Amino acid sequence: MARSSSGFVAGLTAAALAVVGFLAYQASASAPSPAELAAKPRTPSTAPSATASGKPKPARDPLALPAGSGTGERVVYGLGAHRVWLVDARNQVTQTFSVMPSTVSPPPGTYAVTSRSGAVRGSDGVQIEHVVRFATVQDVSIGFSAAVDGSTPSPDPSKKTGGIRMKRADGDAMWTFASIGAKVVVVS
């Protein structure tokens, strides 16, 4: 009986290998050759994007000032980019830096700096400096600040905070740039 079961298993194995081999042959016979692939024009979904001149479009610089962020001297805050741009009256970026967003964010729009504080304790209990406030959302003051200890940790998601944190050097630049009434443009 052991002989017949081993012969049966060998037969099943041979049949399975024959089926796999046949399916592989069919697949390779229906696949285009390398020459056919090279001759086939690319569809828009597989072709790299190109300009009217036929040259590929350069990739967007993630540090570039967002389009639609206004004109003139302003602070631009990119919600999705977690970045701030300080823009002079000639529409030139004088500085850009990353920030840690707060748990409460202002909706996109144009605001003005309403108040400033040299040094206070933040709503998260951290000692902060160079606070530049520009909005209130859900009874939470929204503003830029730097922790005195230089940290920029993620805020506690269970708390409603409005402090958009940055490094101390960036906080110094914001403090110098954004006085009361300065324009702040928030973009997605």
# chains A, B, ... in the order shown; residues from 1 in each chain; ligands from 1
call {"tool": "residues_around", "arguments": {"residues": "range 123-139 of chain A", "least_positions_apart": "6", "cutoff": "7 Å", "atoms": "only C-alpha atoms", "output": "list in words"}}
result
Pro106, Tyr111, Ala112, Val113, Thr114, Ser115, Arg116, Ser117, Ser145, Ala146, Ala147, Val148, Thr161, Gly171, Asp172 and Trp175 of chain A
call {"tool": "atom_distance", "arguments": {"atom1": "CA of Pro56 in chain A", "atom2": "CA of Leu79 in chain A"}}
result
28.4 Å
call {"tool": "residues_around", "arguments": {"residues": "Met100 in chain A", "least_positions_apart": "2", "cutoff": "9 Å", "atoms": "only C-alpha atoms", "output": "list in words"}}
result
His82, Arg83, Ser98, Ser102, Thr152, Pro153, Ser154, Pro155, Gly163, Ile164, Arg165 and Met166 of chain A
call {"tool": "write_last_selection", "arguments": {"atoms": "N, CA and C atoms", "output": "short mmCIF file (atom, residue, chain, number, x, y, z; two decimals), in the first residue's frame"}}
result
data_model
loop_
_atom_site.label_atom_id
_atom_site.label_comp_id
_atom_site.auth_asym_id
_atom_site.auth_seq_id
_atom_site.Cartn_x
_atom_site.Cartn_y
_atom_site.Cartn_z
N HIS A 82 3.13 72.62 7.39
CA HIS A 82 3.71 72.89 8.72
C HIS A 82 4.91 73.82 8.55
N ARG A 83 4.69 74.89 7.81
CA ARG A 83 5.77 75.80 7.45
C ARG A 83 5.28 77.24 7.46
N SER A 98 10.16 75.48 9.41
CA SER A 98 9.11 74.54 9.78
C SER A 98 8.59 74.88 11.17
N SER A 102 -0.52 73.61 16.26
CA SER A 102 -1.27 73.44 17.49
C SER A 102 -2.41 72.44 17.25
N THR A 152 10.22 71.62 20.46
CA THR A 152 9.05 71.75 19.59
C THR A 152 8.31 70.41 19.54
N PRO A 153 7.89 69.90 20.70
CA PRO A 153 7.21 68.60 20.71
C PRO A 153 5.82 68.69 20.11
N SER A 154 5.29 67.54 19.72
CA SER A 154 3.90 67.48 19.25
C SER A 154 3.00 67.82 20.43
N PRO A 155 1.94 68.62 20.18
CA PRO A 155 1.05 68.96 21.29
C PRO A 155 0.20 67.76 21.71
N GLY A 163 -0.95 77.26 20.28
CA GLY A 163 0.44 77.66 20.07
C GLY A 163 1.08 76.94 18.90
N ILE A 164 1.44 77.67 17.87
CA ILE A 164 2.18 77.13 16.72
C ILE A 164 3.65 77.33 17.06
N ARG A 165 4.33 76.25 17.41
CA ARG A 165 5.69 76.34 17.96
C ARG A 165 6.76 76.30 16.89
N MET A 166 7.82 77.02 17.17
CA MET A 166 8.97 77.07 16.28
C MET A 166 10.24 77.11 17.12
#
call {"tool": "decode", "arguments": {"residues": "range 33-174 of chain A", "atoms": "C-alpha atoms", "output": "PDB file, in the first residue's frame"}}
result
ATOM      1  CA  SER A  33       7.964  41.443 -26.371  1.00  0.00           C
ATOM      2  CA  PRO A  34      10.518  44.042 -25.234  1.00  0.00           C
ATOM      3  CA  ALA A  35      10.457  45.520 -28.769  1.00  0.00           C
ATOM      4  CA  GLU A  36       6.659  45.858 -28.634  1.00  0.00           C
ATOM      5  CA  LEU A  37       6.863  47.556 -25.235  1.00  0.00           C
ATOM      6  CA  ALA A  38       9.442  50.054 -26.494  1.00  0.00           C
ATOM      7  CA  ALA A  39       7.335  50.901 -29.555  1.00  0.00           C
ATOM      8  CA  LYS A  40       4.099  51.368 -27.585  1.00  0.00           C
ATOM      9  CA  PRO A  41       3.337  55.042 -26.828  1.00  0.00           C
ATOM     10  CA  ARG A  42       2.903  55.940 -23.177  1.00  0.00           C
ATOM     11  CA  THR A  43      -0.528  56.839 -21.921  1.00  0.00           C
ATOM     12  CA  PRO A  44      -0.966  60.060 -19.944  1.00  0.00           C
ATOM     13  CA  SER A  45      -1.150  58.072 -16.708  1.00  0.00           C
ATOM     14  CA  THR A  46       2.293  56.508 -17.261  1.00  0.00           C
ATOM     15  CA  ALA A  47       4.065  59.351 -19.073  1.00  0.00           C
ATOM     16  CA  PRO A  48       5.927  61.922 -17.004  1.00  0.00           C
ATOM     17  CA  SER A  49       4.179  65.302 -16.905  1.00  0.00           C
ATOM     18  CA  ALA A  50       5.435  67.702 -19.531  1.00  0.00           C
ATOM     19  CA  THR A  51       5.024  71.344 -20.422  1.00  0.00           C
ATOM     20  CA  ALA A  52       3.875  72.613 -23.833  1.00  0.00           C
ATOM     21  CA  SER A  53       7.502  72.538 -24.950  1.00  0.00           C
ATOM     22  CA  GLY A  54       7.611  68.798 -24.314  1.00  0.00           C
ATOM     23  CA  LYS A  55      10.069  69.123 -21.436  1.00  0.00           C
ATOM     24  CA  PRO A  56       9.165  67.529 -18.086  1.00  0.00           C
ATOM     25  CA  LYS A  57       7.756  69.980 -15.542  1.00  0.00           C
ATOM     26  CA  PRO A  58      10.168  70.576 -12.668  1.00  0.00           C
ATOM     27  CA  ALA A  59       9.021  69.173  -9.344  1.00  0.00           C
ATOM     28  CA  ARG A  60       7.457  71.741  -7.014  1.00  0.00           C
ATOM     29  CA  ASP A  61       9.923  72.970  -4.405  1.00  0.00           C
ATOM     30  CA  PRO A  62       8.368  72.205  -0.991  1.00  0.00           C
ATOM     31  CA  LEU A  63      10.077  75.314   0.418  1.00  0.00           C
ATOM     32  CA  ALA A  64       8.619  77.608  -2.268  1.00  0.00           C
ATOM     33  CA  LEU A  65       6.042  80.196  -1.267  1.00  0.00           C
ATOM     34  CA  PRO A  66       2.561  78.724  -1.837  1.00  0.00           C
ATOM     35  CA  ALA A  67       0.621  80.089  -4.806  1.00  0.00           C
ATOM     36  CA  GLY A  68      -2.401  82.146  -3.830  1.00  0.00           C
ATOM     37  CA  SER A  69      -0.857  83.400  -0.601  1.00  0.00           C
ATOM     38  CA  GLY A  70      -1.460  87.062  -1.369  1.00  0.00           C
ATOM     39  CA  THR A  71       0.865  89.958  -2.076  1.00  0.00           C
ATOM     40  CA  GLY A  72       2.874  92.465  -0.104  1.00  0.00           C
ATOM     41  CA  GLU A  73       4.525  92.107   3.275  1.00  0.00           C
ATOM     42  CA  ARG A  74       3.021  89.187   5.150  1.00  0.00           C
ATOM     43  CA  VAL A  75       3.482  86.044   7.199  1.00  0.00           C
ATOM     44  CA  VAL A  76       2.280  82.947   5.327  1.00  0.00           C
ATOM     45  CA  TYR A  77       1.372  79.892   7.379  1.00  0.00           C
ATOM     46  CA  GLY A  78       0.937  76.619   5.459  1.00  0.00           C
ATOM     47  CA  LEU A  79      -1.314  74.291   7.461  1.00  0.00           C
ATOM     48  CA  GLY A  80      -0.470  71.148   5.481  1.00  0.00           C
ATOM     49  CA  ALA A  81       3.180  72.047   5.002  1.00  0.00           C
ATOM     50  CA  HIS A  82       3.715  72.888   8.718  1.00  0.00           C
ATOM     51  CA  ARG A  83       5.774  75.799   7.454  1.00  0.00           C
ATOM     52  CA  VAL A  84       5.941  79.597   7.749  1.00  0.00           C
ATOM     53  CA  TRP A  85       7.252  82.058   5.154  1.00  0.00           C
ATOM     54  CA  LEU A  86       8.169  85.650   6.010  1.00  0.00           C
ATOM     55  CA  VAL A  87       7.564  87.719   2.876  1.00  0.00           C
ATOM     56  CA  ASP A  88       8.743  91.309   2.341  1.00  0.00           C
ATOM     57  CA  ALA A  89       6.926  94.129   0.518  1.00  0.00           C
ATOM     58  CA  ARG A  90       8.554  93.092  -2.820  1.00  0.00           C
ATOM     59  CA  ASN A  91       6.991  89.579  -2.453  1.00  0.00           C
ATOM     60  CA  GLN A  92      10.399  88.059  -1.724  1.00  0.00           C
ATOM     61  CA  VAL A  93      10.689  85.352   0.924  1.00  0.00           C
ATOM     62  CA  THR A  94      13.143  86.589   3.536  1.00  0.00           C
ATOM     63  CA  GLN A  95      12.945  83.448   5.657  1.00  0.00           C
ATOM     64  CA  THR A  96      11.085  80.141   5.826  1.00  0.00           C
ATOM     65  CA  PHE A  97      11.040  77.558   8.577  1.00  0.00           C
ATOM     66  CA  SER A  98       9.106  74.540   9.780  1.00  0.00           C
ATOM     67  CA  VAL A  99       6.713  74.754  12.710  1.00  0.00           C
ATOM     68  CA  MET A 100       4.815  72.357  14.963  1.00  0.00           C
ATOM     69  CA  PRO A 101       1.096  73.076  14.568  1.00  0.00           C
ATOM     70  CA  SER A 102      -1.275  73.435  17.489  1.00  0.00           C
ATOM     71  CA  THR A 103      -4.254  71.169  18.142  1.00  0.00           C
ATOM     72  CA  VAL A 104      -6.648  73.956  17.111  1.00  0.00           C
ATOM     73  CA  SER A 105      -5.910  75.468  13.700  1.00  0.00           C
ATOM     74  CA  PRO A 106      -7.249  78.615  12.091  1.00  0.00           C
ATOM     75  CA  PRO A 107      -9.194  78.177   8.855  1.00  0.00           C
ATOM     76  CA  PRO A 108      -7.456  79.381   5.680  1.00  0.00           C
ATOM     77  CA  GLY A 109      -7.828  83.128   5.276  1.00  0.00           C
ATOM     78  CA  THR A 110      -6.223  86.495   5.940  1.00  0.00           C
ATOM     79  CA  TYR A 111      -5.696  87.715   9.490  1.00  0.00           C
ATOM     80  CA  ALA A 112      -3.810  90.483  11.295  1.00  0.00           C
ATOM     81  CA  VAL A 113      -1.539  90.253  14.331  1.00  0.00           C
ATOM     82  CA  THR A 114      -3.729  91.304  17.268  1.00  0.00           C
ATOM     83  CA  SER A 115      -1.385  90.972  20.247  1.00  0.00           C
ATOM     84  CA  ARG A 116       2.143  90.048  21.241  1.00  0.00           C
ATOM     85  CA  SER A 117       3.785  88.898  24.460  1.00  0.00           C
ATOM     86  CA  GLY A 118       7.497  88.782  25.181  1.00  0.00           C
ATOM     87  CA  ALA A 119       7.346  85.846  27.607  1.00  0.00           C
ATOM     88  CA  VAL A 120       4.420  83.894  29.089  1.00  0.00           C
ATOM     89  CA  ARG A 121       3.409  80.376  30.036  1.00  0.00           C
ATOM     90  CA  GLY A 122       1.665  78.562  27.180  1.00  0.00           C
ATOM     91  CA  SER A 123      -1.705  76.819  27.493  1.00  0.00           C
ATOM     92  CA  ASP A 124       0.278  73.562  27.648  1.00  0.00           C
ATOM     93  CA  GLY A 125       2.219  74.793  30.693  1.00  0.00           C
ATOM     94  CA  VAL A 126       5.495  75.373  28.801  1.00  0.00           C
ATOM     95  CA  GLN A 127       7.360  78.657  29.274  1.00  0.00           C
ATOM     96  CA  ILE A 128       7.295  80.420  25.859  1.00  0.00           C
ATOM     97  CA  GLU A 129       8.608  83.629  24.341  1.00  0.00           C
ATOM     98  CA  HIS A 130       7.959  85.904  21.372  1.00  0.00           C
ATOM     99  CA  VAL A 131       4.253  85.137  21.161  1.00  0.00           C
ATOM    100  CA  VAL A 132       2.579  86.624  18.078  1.00  0.00           C
ATOM    101  CA  ARG A 133      -1.229  86.105  18.180  1.00  0.00           C
ATOM    102  CA  PHE A 134      -3.438  86.525  15.116  1.00  0.00           C
ATOM    103  CA  ALA A 135      -6.697  84.560  15.515  1.00  0.00           C
ATOM    104  CA  THR A 136      -9.173  83.042  17.953  1.00  0.00           C
ATOM    105  CA  VAL A 137     -10.854  79.725  17.143  1.00  0.00           C
ATOM    106  CA  GLN A 138     -13.183  77.852  19.537  1.00  0.00           C
ATOM    107  CA  ASP A 139     -12.233  80.343  22.274  1.00  0.00           C
ATOM    108  CA  VAL A 140      -8.552  79.413  21.806  1.00  0.00           C
ATOM    109  CA  SER A 141      -6.000  82.119  20.932  1.00  0.00           C
ATOM    110  CA  ILE A 142      -3.909  81.103  17.929  1.00  0.00           C
ATOM    111  CA  GLY A 143      -0.373  82.393  17.606  1.00  0.00           C
ATOM    112  CA  PHE A 144       3.251  81.686  16.886  1.00  0.00           C
ATOM    113  CA  SER A 145       5.696  81.136  19.746  1.00  0.00           C
ATOM    114  CA  ALA A 146       8.947  79.477  20.759  1.00  0.00           C
ATOM    115  CA  ALA A 147       9.527  77.403  23.862  1.00  0.00           C
ATOM    116  CA  VAL A 148      12.244  78.904  26.050  1.00  0.00           C
ATOM    117  CA  ASP A 149      13.840  75.456  26.337  1.00  0.00           C
ATOM    118  CA  GLY A 150      13.995  75.264  22.511  1.00  0.00           C
ATOM    119  CA  SER A 151      11.719  72.210  22.246  1.00  0.00           C
ATOM    120  CA  THR A 152       9.051  71.751  19.592  1.00  0.00           C
ATOM    121  CA  PRO A 153       7.210  68.603  20.711  1.00  0.00           C
ATOM    122  CA  SER A 154       3.904  67.484  19.251  1.00  0.00           C
ATOM    123  CA  PRO A 155       1.046  68.961  21.286  1.00  0.00           C
ATOM    124  CA  ASP A 156      -1.132  66.746  23.468  1.00  0.00           C
ATOM    125  CA  PRO A 157      -4.095  65.919  21.173  1.00  0.00           C
ATOM    126  CA  SER A 158      -6.452  65.754  24.164  1.00  0.00           C
ATOM    127  CA  LYS A 159      -5.911  69.473  24.905  1.00  0.00           C
ATOM    128  CA  LYS A 160      -7.157  72.506  22.975  1.00  0.00           C
ATOM    129  CA  THR A 161      -3.997  74.531  22.307  1.00  0.00           C
ATOM    130  CA  GLY A 162      -3.332  77.353  19.883  1.00  0.00           C
ATOM    131  CA  GLY A 163       0.441  77.664  20.069  1.00  0.00           C
ATOM    132  CA  ILE A 164       2.176  77.134  16.719  1.00  0.00           C
ATOM    133  CA  ARG A 165       5.690  76.344  17.958  1.00  0.00           C
ATOM    134  CA  MET A 166       8.973  77.072  16.283  1.00  0.00           C
ATOM    135  CA  LYS A 167      12.652  77.040  17.154  1.00  0.00           C
ATOM    136  CA  ARG A 168      13.912  79.963  19.210  1.00  0.00           C
ATOM    137  CA  ALA A 169      15.873  81.535  16.335  1.00  0.00           C
ATOM    138  CA  ASP A 170      12.759  81.350  14.146  1.00  0.00           C
ATOM    139  CA  GLY A 171      10.730  82.851  16.991  1.00  0.00           C
ATOM    140  CA  ASP A 172      13.206  85.757  17.111  1.00  0.00           C
ATOM    141  CA  ALA A 173      12.736  86.314  13.358  1.00  0.00           C
ATOM    142  CA  MET A 174       8.926  86.197  13.703  1.00  0.00           C
TER     143      MET A 174
END
